[in-house]
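Participant: What follows is input-v2.tsv, made up of TSV, C-alpha atoms (C1' of nucleotides):
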```tsv
chain	number	residue	atom	x	y	z
A	1	MET	CA	0.00	0.00	0.00
A	2	PHE	CA	2.97	2.30	0.50
A	3	ASP	CA	5.19	1.07	-2.30
A	4	GLY	CA	6.76	3.58	-4.58
A	5	ILE	CA	6.78	6.53	-2.20
A	6	ASP	CA	9.39	8.70	-3.83
A	7	PRO	CA	11.42	11.41	-2.05
A	8	ARG	CA	12.45	12.88	-5.39
A	9	SER	CA	8.89	13.38	-6.56
A	10	PRO	CA	7.67	16.97	-6.85
A	11	THR	CA	4.64	16.02	-4.76
A	12	PRO	CA	5.58	16.11	-1.08
A	13	LEU	CA	6.14	12.89	0.84
A	14	TYR	CA	3.33	13.57	3.31
A	15	ASP	CA	1.02	14.19	0.40
A	16	GLN	CA	1.96	10.94	-1.29
A	17	ILE	CA	1.35	9.04	1.92
A	18	ALA	CA	-2.02	10.67	2.55
A	19	GLY	CA	-2.97	9.98	-1.03
A	20	ARG	CA	-2.27	6.26	-0.69
A	21	VAL	CA	-4.45	6.09	2.39
A	22	ARG	CA	-7.28	7.99	0.73
A	23	VAL	CA	-7.40	5.69	-2.26
A	24	ALA	CA	-7.14	2.65	0.01
A	25	ILE	CA	-10.14	3.88	1.94
A	26	ALA	CA	-12.04	4.74	-1.21
A	27	ALA	CA	-11.29	1.28	-2.58
A	28	GLY	CA	-12.46	-0.40	0.61
A	29	GLU	CA	-9.05	-1.89	1.36
A	30	LEU	CA	-9.10	0.01	4.63
A	31	ARG	CA	-12.36	-0.47	6.52
A	32	PRO	CA	-13.73	1.88	9.18
A	33	GLY	CA	-12.21	1.20	12.59
A	34	GLU	CA	-9.15	-0.39	11.08
A	35	PRO	CA	-5.81	0.95	12.31
A	36	LEU	CA	-3.22	2.59	10.14
A	37	PRO	CA	0.45	1.72	10.68
A	38	SER	CA	1.83	3.58	13.67
A	39	VAL	CA	3.68	6.78	12.97
A	40	ARG	CA	7.03	5.26	13.93
A	41	GLN	CA	6.43	1.97	12.15
A	42	LEU	CA	5.63	3.63	8.87
A	43	ALA	CA	8.42	6.18	9.26
A	44	THR	CA	10.97	3.41	9.82
A	45	ARG	CA	9.62	1.37	6.96
A	46	LEU	CA	9.77	4.30	4.55
A	47	ARG	CA	13.09	5.53	5.98
A	48	LEU	CA	11.85	9.00	6.79
A	49	ASN	CA	11.03	11.10	9.80
A	50	PRO	CA	8.04	10.33	12.05
A	51	ALA	CA	7.02	13.97	11.82
A	52	THR	CA	6.47	13.53	8.10
A	53	VAL	CA	4.09	10.65	8.67
A	54	VAL	CA	2.36	12.70	11.33
A	55	GLN	CA	1.86	15.47	8.82
A	56	ALA	CA	0.24	13.02	6.44
A	57	TYR	CA	-2.02	11.55	9.11
A	58	ARG	CA	-2.97	14.99	10.37
A	59	ALA	CA	-4.04	16.03	6.90
A	60	LEU	CA	-6.21	12.93	6.72
A	61	GLU	CA	-7.69	13.76	10.10
A	62	THR	CA	-8.50	17.30	9.01
A	63	ASP	CA	-10.37	15.85	6.06
A	64	GLY	CA	-12.25	13.53	8.39
A	65	PHE	CA	-10.81	10.32	7.00
A	66	VAL	CA	-9.09	9.11	10.14
A	67	GLU	CA	-8.97	9.72	13.86
A	68	MET	CA	-5.73	9.99	15.80
A	69	ARG	CA	-5.88	8.81	19.40
A	70	GLN	CA	-2.84	9.54	21.52
A	71	GLY	CA	-1.42	6.40	23.02
A	72	ALA	CA	-3.67	4.18	20.97
A	73	GLY	CA	-3.10	4.74	17.28
A	74	THR	CA	-4.66	6.17	14.14
A	75	PHE	CA	-7.88	4.64	12.87
A	76	VAL	CA	-10.11	4.89	9.83
A	77	ARG	CA	-13.18	6.83	10.82
A	78	GLU	CA	-16.75	5.60	10.85
A	79	VAL	CA	-18.92	7.68	8.59
A	80	GLU	CA	-22.52	7.47	7.51
A	81	ALA	CA	-22.96	5.77	4.18
A	82	GLY	CA	-23.66	8.67	1.84
A	83	ARG	CA	-21.60	11.21	3.71
A	84	ARG	CA	-18.23	10.28	2.27
A	85	ALA	CA	-19.61	10.10	-1.24
A	86	ALA	CA	-21.15	13.53	-0.84
A	87	THR	CA	-17.91	15.15	0.22
A	88	ARG	CA	-16.11	13.41	-2.62
A	89	ALA	CA	-18.64	14.68	-5.12
A	90	ASP	CA	-18.23	18.15	-3.68
A	91	HIS	CA	-14.49	17.90	-4.01
A	92	ALA	CA	-14.86	16.71	-7.57
A	93	ARG	CA	-17.00	19.74	-8.40
A	94	ARG	CA	-14.41	22.07	-6.95
A	95	LEU	CA	-11.69	20.41	-9.00
A	96	VAL	CA	-13.65	20.78	-12.20
A	97	ARG	CA	-14.53	24.38	-11.46
A	98	ALA	CA	-10.90	25.18	-10.75
A	99	MET	CA	-9.89	23.65	-14.05
A	100	LEU	CA	-12.53	25.59	-15.93
A	101	ALA	CA	-11.44	28.82	-14.25
A	102	GLU	CA	-7.82	28.18	-15.14
A	103	ALA	CA	-8.77	27.36	-18.71
A	104	ALA	CA	-10.71	30.59	-18.97
A	105	ARG	CA	-7.76	32.47	-17.52
A	106	VAL	CA	-5.48	31.36	-20.31
A	107	GLY	CA	-8.10	31.72	-23.00
A	108	ILE	CA	-9.06	28.12	-23.76
A	109	PRO	CA	-12.61	27.70	-25.14
A	110	ALA	CA	-14.85	25.19	-23.36
A	111	GLN	CA	-15.17	23.11	-26.51
A	112	GLU	CA	-11.44	22.61	-26.76
A	113	LEU	CA	-11.34	21.59	-23.12
A	114	GLN	CA	-14.14	19.14	-23.70
A	115	ARG	CA	-12.19	17.42	-26.44
A	116	ALA	CA	-9.14	17.14	-24.20
A	117	ILE	CA	-11.27	15.61	-21.48
A	118	ASP	CA	-12.69	13.04	-23.86
A	119	ASP	CA	-9.21	12.19	-25.04
A	120	GLU	CA	-7.86	11.67	-21.57
A	121	LEU	CA	-10.82	9.80	-20.16
A	122	GLY	CA	-11.15	7.63	-23.21
A	123	VAL	CA	-13.91	8.34	-25.72
A	124	GLU	CA	-16.35	5.71	-24.54
A	125	VAL	CA	-19.55	5.72	-26.49
A	126	ARG	CA	-22.29	6.67	-24.10
B	1	MET	CA	-6.07	45.86	-18.82
B	2	PHE	CA	-4.00	45.74	-15.66
B	3	ASP	CA	-6.60	46.87	-13.16
B	4	GLY	CA	-7.03	44.89	-9.99
B	5	ILE	CA	-3.54	43.42	-9.81
B	6	ASP	CA	-3.42	42.47	-6.16
B	7	PRO	CA	-0.21	41.99	-4.12
B	8	ARG	CA	-2.16	40.22	-1.40
B	9	SER	CA	-3.55	37.60	-3.76
B	10	PRO	CA	-2.27	34.05	-3.33
B	11	THR	CA	-1.48	33.96	-7.04
B	12	PRO	CA	1.88	35.65	-7.64
B	13	LEU	CA	2.05	39.12	-9.14
B	14	TYR	CA	3.97	38.01	-12.20
B	15	ASP	CA	1.35	35.35	-12.80
B	16	GLN	CA	-1.49	37.81	-12.56
B	17	ILE	CA	0.22	40.11	-15.04
B	18	ALA	CA	0.97	37.32	-17.51
B	19	GLY	CA	-2.61	36.14	-17.17
B	20	ARG	CA	-3.99	39.53	-18.13
B	21	VAL	CA	-1.83	39.65	-21.21
B	22	ARG	CA	-2.86	36.13	-22.25
B	23	VAL	CA	-6.55	36.87	-22.09
B	24	ALA	CA	-6.00	40.19	-23.88
B	25	ILE	CA	-4.27	38.34	-26.70
B	26	ALA	CA	-6.89	35.60	-26.78
B	27	ALA	CA	-9.61	38.26	-26.90
B	28	GLY	CA	-7.90	40.07	-29.75
B	29	GLU	CA	-7.37	43.24	-27.72
B	30	LEU	CA	-3.67	42.84	-28.31
B	31	ARG	CA	-2.85	42.18	-31.97
B	32	PRO	CA	0.33	40.56	-33.27
B	33	GLY	CA	3.17	43.06	-33.56
B	34	GLU	CA	1.62	45.34	-31.01
B	35	PRO	CA	3.93	46.42	-28.15
B	36	LEU	CA	3.31	45.71	-24.50
B	37	PRO	CA	3.99	48.46	-21.96
B	38	SER	CA	7.70	48.72	-21.25
B	39	VAL	CA	8.97	46.91	-18.21
B	40	ARG	CA	9.62	50.14	-16.35
B	41	GLN	CA	6.40	51.83	-17.41
B	42	LEU	CA	4.26	48.97	-16.17
B	43	ALA	CA	6.32	48.55	-13.02
B	44	THR	CA	5.89	52.21	-12.14
B	45	ARG	CA	2.20	52.12	-12.92
B	46	LEU	CA	1.61	49.05	-10.75
B	47	ARG	CA	4.00	50.28	-8.06
B	48	LEU	CA	6.20	47.23	-8.12
B	49	ASN	CA	9.66	46.21	-9.19
B	50	PRO	CA	10.66	46.07	-12.87
B	51	ALA	CA	12.08	42.59	-12.27
B	52	THR	CA	8.60	41.35	-11.42
B	53	VAL	CA	7.25	42.60	-14.73
B	54	VAL	CA	10.22	41.02	-16.46
B	55	GLN	CA	9.35	37.71	-14.86
B	56	ALA	CA	5.83	37.98	-16.22
B	57	TYR	CA	7.01	38.92	-19.71
B	58	ARG	CA	9.59	36.17	-19.72
B	59	ALA	CA	6.94	33.60	-18.89
B	60	LEU	CA	4.89	34.88	-21.81
B	61	GLU	CA	7.93	34.64	-24.04
B	62	THR	CA	8.59	31.07	-22.97
B	63	ASP	CA	5.05	30.22	-23.96
B	64	GLY	CA	5.60	31.91	-27.31
B	65	PHE	CA	3.07	34.67	-26.78
B	66	VAL	CA	5.47	37.59	-26.99
B	67	GLU	CA	8.96	38.45	-28.11
B	68	MET	CA	11.32	40.56	-26.01
B	69	ARG	CA	13.82	42.64	-27.99
B	70	GLN	CA	16.52	44.32	-25.97
B	71	GLY	CA	16.52	48.06	-26.47
B	72	ALA	CA	13.29	47.96	-28.46
B	73	GLY	CA	10.51	46.52	-26.34
B	74	THR	CA	8.23	43.54	-25.92
B	75	PHE	CA	5.83	42.67	-28.71
B	76	VAL	CA	2.96	40.30	-29.34
B	77	ARG	CA	4.22	37.52	-31.54
B	78	GLU	CA	3.10	36.63	-35.04
B	79	VAL	CA	2.07	33.00	-35.20
B	80	GLU	CA	0.77	30.74	-37.94
B	81	ALA	CA	-2.92	30.05	-37.77
B	82	GLY	CA	-2.95	26.48	-36.51
B	83	ARG	CA	0.09	26.88	-34.32
B	84	ARG	CA	-1.65	28.74	-31.51
B	85	ALA	CA	-4.54	26.30	-31.56
B	86	ALA	CA	-2.10	23.42	-31.22
B	87	THR	CA	-0.42	24.94	-28.20
B	88	ARG	CA	-3.81	25.67	-26.70
B	89	ALA	CA	-4.87	22.07	-27.19
B	90	ASP	CA	-1.65	20.98	-25.58
B	91	HIS	CA	-2.28	23.26	-22.66
B	92	ALA	CA	-5.79	21.91	-22.36
B	93	ARG	CA	-4.42	18.39	-22.17
B	94	ARG	CA	-2.04	19.38	-19.42
B	95	LEU	CA	-4.87	20.96	-17.47
B	96	VAL	CA	-7.01	17.86	-17.74
B	97	ARG	CA	-4.13	15.59	-16.80
B	98	ALA	CA	-3.38	17.74	-13.75
B	99	MET	CA	-7.01	17.53	-12.67
B	100	LEU	CA	-7.07	13.76	-13.13
B	101	ALA	CA	-3.86	13.41	-11.16
B	102	GLU	CA	-5.23	15.51	-8.35
B	103	ALA	CA	-8.46	13.55	-8.34
B	104	ALA	CA	-6.55	10.29	-8.17
B	105	ARG	CA	-4.45	11.69	-5.37
B	106	VAL	CA	-7.47	12.30	-3.17
B	107	GLY	CA	-9.22	9.07	-4.12
B	108	ILE	CA	-11.93	10.28	-6.48
B	109	PRO	CA	-12.92	7.58	-8.99
B	110	ALA	CA	-12.89	8.60	-12.65
B	111	GLN	CA	-16.59	7.95	-12.93
B	112	GLU	CA	-17.41	10.40	-10.19
B	113	LEU	CA	-15.22	13.00	-11.83
B	114	GLN	CA	-16.94	12.38	-15.14
B	115	ARG	CA	-20.29	13.15	-13.58
B	116	ALA	CA	-18.98	16.39	-12.08
B	117	ILE	CA	-17.61	17.40	-15.47
B	118	ASP	CA	-20.93	16.71	-17.15
B	119	ASP	CA	-22.68	18.75	-14.50
B	120	GLU	CA	-20.41	21.74	-14.88
B	121	LEU	CA	-20.22	21.70	-18.67
B	122	GLY	CA	-23.89	20.97	-19.11
B	123	VAL	CA	-25.06	17.49	-20.04
B	124	GLU	CA	-25.55	18.06	-23.74
B	125	VAL	CA	-26.81	14.98	-25.52
B	126	ARG	CA	-24.12	13.91	-27.91
C	1	DC	C1'	1.64	-0.78	37.87
C	2	DC	C1'	4.94	-0.13	34.58
C	3	DT	C1'	6.94	-1.02	30.34
C	4	DA	C1'	6.52	-0.49	25.71
C	5	DC	C1'	4.01	1.07	22.72
C	6	DT	C1'	0.92	5.03	20.85
C	7	DG	C1'	0.40	10.27	19.26
C	8	DT	C1'	1.95	15.51	20.52
C	9	DA	C1'	4.68	19.58	20.59
C	10	DT	C1'	8.52	22.46	19.56
C	11	DC	C1'	12.39	23.71	17.38
C	12	DG	C1'	15.63	24.20	13.50
C	13	DC	C1'	17.56	23.36	9.03
C	14	DT	C1'	17.25	23.50	3.88
C	15	DA	C1'	15.39	24.63	-0.35
C	16	DC	C1'	12.76	27.40	-3.08
C	17	DA	C1'	9.34	30.99	-4.64
C	18	DC	C1'	8.57	35.68	-4.89
C	19	DC	C1'	9.97	40.14	-5.19
C	20	DA	C1'	13.19	44.14	-4.92
C	21	DA	C1'	17.66	46.66	-5.89
C	22	DT	C1'	21.10	47.90	-8.90
C	23	DA	C1'	24.37	47.81	-12.45
C	24	DC	C1'	24.86	46.33	-17.35
C	25	DA	C1'	23.93	46.23	-22.55
C	26	DG	C1'	21.43	47.06	-26.83
C	27	DT	C1'	18.26	50.30	-29.89
C	28	DT	C1'	16.42	54.25	-31.76
C	29	DG	C1'	15.36	58.94	-33.03
C	30	DG	C1'	16.62	63.74	-33.14
D	1	DC	C1'	26.58	60.60	-32.03
D	2	DC	C1'	24.28	60.49	-27.86
D	3	DA	C1'	20.50	60.90	-24.81
D	4	DA	C1'	16.71	58.53	-23.43
D	5	DC	C1'	14.57	54.97	-23.88
D	6	DT	C1'	14.37	49.64	-24.26
D	7	DG	C1'	15.46	44.64	-22.13
D	8	DT	C1'	19.38	41.75	-19.34
D	9	DA	C1'	21.90	39.93	-15.55
D	10	DT	C1'	23.23	39.30	-10.85
D	11	DT	C1'	22.48	39.59	-6.24
D	12	DG	C1'	19.98	39.61	-1.93
D	13	DG	C1'	16.10	39.74	1.38
D	14	DT	C1'	11.87	37.58	3.14
D	15	DG	C1'	8.57	34.32	3.71
D	16	DT	C1'	7.09	29.61	3.65
D	17	DA	C1'	6.91	24.62	2.61
D	18	DG	C1'	8.96	20.31	3.56
D	19	DC	C1'	11.37	17.44	6.44
D	20	DG	C1'	14.11	16.01	10.40
D	21	DA	C1'	15.55	15.75	15.56
D	22	DT	C1'	14.19	15.37	20.09
D	23	DA	C1'	11.72	15.73	24.26
D	24	DC	C1'	6.88	15.33	26.08
D	25	DA	C1'	2.30	13.01	27.22
D	26	DG	C1'	-1.31	9.53	26.99
D	27	DT	C1'	-2.78	4.32	26.64
D	28	DA	C1'	-2.87	-0.44	27.11
D	29	DG	C1'	-1.43	-5.18	27.93
D	30	DG	C1'	1.25	-8.39	30.67
```
Render the structure in this file as structure tokens.
Facilitator:
Amino acid sequence: MFDGIDPRSPTPLYDQIAGRVRVAIAAGELRPGEPLPSVRQLATRLRLNPATVVQAYRALETDGFVEMRQGAGTFVREVEAGRRAATRADHARRLVRAMLAEAARVGIPAQELQRAIDDELGVEVR
Amino acid sequence: MFDGIDPRSPTPLYDQIAGRVRVAIAAGELRPGEPLPSVRQLATRLRLNPATVVQAYRALETDGFVEMRQGAGTFVREVEAGRRAATRADHARRLVRAMLAEAARVGIPAQELQRAIDDELGVEVR
DNA sequence: CCTACTGTATCGCTACACCAATACAGTTGG
DNA sequence: CCAACTGTATTGGTGTAGCGATACAGTAGG
């Protein structure tokens, strides 16, 4: 689950770690209540500083994905069924809006953007 | 054309400036061959350092929007018809890829993103 | 209980982005 | 020519992100 974490990547280490956890949760590999590796365990395993793992876990906590309990560990949070999906959908909307705004800023017509989207997502017939 | 440049904005000054020029070119307000304000003129007008304006102009030059000629000035570049469109399409692809990468990073499935895109762009039947 | 595990808090270093200051070099028009 | 304009190059200051080091505090199982 944490293979391929790369210190030389432009995306920060803590961000890579948090990302792995998020997709694992989204994919159901990590169930609610399940513990994440301890800060020190993961830090040792990835050969980096515990504080970096903490930063990753804290970000996840801020987003409501996990709960950190001092002395006990860090655990995937229980959430109502639709709640998580709703926040994800909201996030998705923000991403799309940001992209549209950026496109407008540099003068790219919506149609051209649409074609690029189709290209990248694969032009499934629908 | 340069109203509302804001030093307190999270987007850098040089980026704001370059952005204004890009939209002006895309909108046809700045025609090929036409000069941009000189580095010092614009810097004085916006009450900031010439080097900052240079940074903006240089970014535009890198993207092929303008040409800086020492001693003469900075001018909107002539480009072949399809050339600009090609670079725009390329830019569009990069934008879409960045959005997809970000979505993946936070665990948003492609399908969910697709729905958000349809929502924002309007679900035209096609 | 108390040891060995959890997370917490604080500090500092390093790299880089952003912006300013200042001296340099080319162009152009009277 | 040469003065007054252009862009160029180098340097430095300031803030902040990323990461590490280390001491602190809570929890839980034998």
Participant: My list of candidates is A:Val106, A:Ala98, A:Ala72, A:Val21. Which is closest to chain D when distances are computed with only C-alpha atoms (C1' of nucleotides)?
Facilitator: A:Ala72
Participant: Quick one: residues within 10 Å of D:DA25, all atoms listed in the file, excluding same-chain residues fewer than 6 positions away - as a PyMOL selection string?
Facilitator: (chain A and resi 70-71) or (chain C and resi 7-9)
Participant: Applying 7 Å and all atoms listed in the file, which residues near B:Gly19 remain after dropping the ones on its own chain fewer than 4 positions away? List them as number ranges by chain.
Facilitator: A: 105-106; B: 15, 23
Participant: Could you give the C-alpha RMSD in Å for chain A superposed on chain B, pairing all atoms in order?
Facilitator: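 The RMSD between chain A and chain B over C-alpha atoms is 1.3 Å.
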Participant: Suppose you want the space between atom CA of A:Asp63 and atom CA of A:Arg77; what is it in Å?
Facilitator: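 Straight-line distance from atom CA of A:Asp63 to atom CA of A:Arg77 works out to 10.6 Å.
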Participant: Report as a short mmCIF file (atom, residue, chain, number, x, y, z; two decimals) with C-alpha atoms (C1' of nucleotides), in the frame of the given file all protein, DNA and RNA residues lying within 10 Å of stretch 28-30 of chain D, evaluated on only C-alpha atoms (C1' of nucleotides), omitting residues in the same chain fewer than 3 positions from it.
Facilitator:
```cif
data_model
loop_
_atom_site.label_atom_id
_atom_site.label_comp_id
_atom_site.auth_asym_id
_atom_site.auth_seq_id
_atom_site.Cartn_x
_atom_site.Cartn_y
_atom_site.Cartn_z
CA GLY A 71 -1.42 6.40 23.02
CA ALA A 72 -3.67 4.18 20.97
"C1'" DC C 2 4.94 -0.13 34.58
"C1'" DT C 3 6.94 -1.02 30.34
"C1'" DA C 4 6.52 -0.49 25.71
"C1'" DC C 5 4.01 1.07 22.72
"C1'" DT C 6 0.92 5.03 20.85
#
```
Participant: Could you write out as a ChimeraX atom specification the residues of chain B within 7 Å of chain A, counting only C-alpha atoms?
Facilitator: /B:19,22-23,26,88-89,92-93,95-96,99,105-108,112-113,116-117
Participant: Show me the residues around (23.5, 50.1, -28.0) - criterion: an atom at most 10 Å away, only C-alpha atoms (C1' of nucleotides) counted - as a PDB file with C-alpha atoms (C1' of nucleotides), keeping the file's coordinate frame.
Facilitator:
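Here's the written file part16.pdb:
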```pdb
ATOM      1  CA  GLN B  70      16.520  44.320 -25.970  1.00  0.00           C
ATOM      2  CA  GLY B  71      16.520  48.060 -26.470  1.00  0.00           C
TER       3      GLY B  71
ATOM      4  C1'  DA C  25      23.930  46.230 -22.550  1.00  0.00           C
ATOM      5  C1'  DG C  26      21.430  47.060 -26.830  1.00  0.00           C
ATOM      6  C1'  DT C  27      18.260  50.300 -29.890  1.00  0.00           C
ATOM      7  C1'  DT C  28      16.420  54.250 -31.760  1.00  0.00           C
TER       8       DT C  28
ATOM      9  C1'  DT D   6      14.370  49.640 -24.260  1.00  0.00           C
TER      10       DT D   6
END
```
Participant: What lies within 6 Å of stretch 32-41 of chain B using all atoms listed in the file, ignoring chain neighbours under 3 positions off, as number ranges by chain?
Facilitator: B: 44, 50, 53, 74-78
Participant: Could I get the residues of chain D with an atom no further than 8 Å from an atom of chain B, each paired with its nearest atom pair and that distance in Å to one decimal, using all atoms listed in the file, sorted by chain and residue number, as CSV?
Facilitator:
```
residue,atom,partner,partner_atom,distance
D:DC5,C1',B:Gly71,CA,7.6
D:DT6,C1',B:Gly71,CA,3.5
D:DG7,C1',B:Gln70,CA,4.0
D:DT8,C1',B:Gln70,CA,7.7
```
Participant: Check the smallest atom-to-atom distance from each of A:Pro7, A:Gly122, A:Ala51, A:Thr87 to chain C using all atoms listed in the file, then report the winner.
Facilitator: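 Under the stated criterion, the closest residue is A:Ala51.
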Participant: Interatomic distance between atom CA of A:Arg58 and atom CA of B:Arg8?
Facilitator: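 Computing the Euclidean distance for atom CA of A:Arg58 and atom CA of B:Arg8 yields 27.9 Å.
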Participant: Please report the interatomic distance between atom CA of A:Arg45 and atom CA of A:Asp3 in Å with one decimal.
Facilitator: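 Separation of atom CA of A:Arg45 and atom CA of A:Asp3: 10.3 Å.
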Participant: Around all of stretch 7-10 of chain D's listed atoms, make the axis-aligned box with 4 Å on each side and tell me centre and edge lengths in Å to one decimal, as AutoDock Vina command-line options.
Facilitator:
```
--center_x 19.3 --center_y 42.0 --center_z -16.5 --size_x 15.8 --size_y 13.3 --size_z 19.3
```
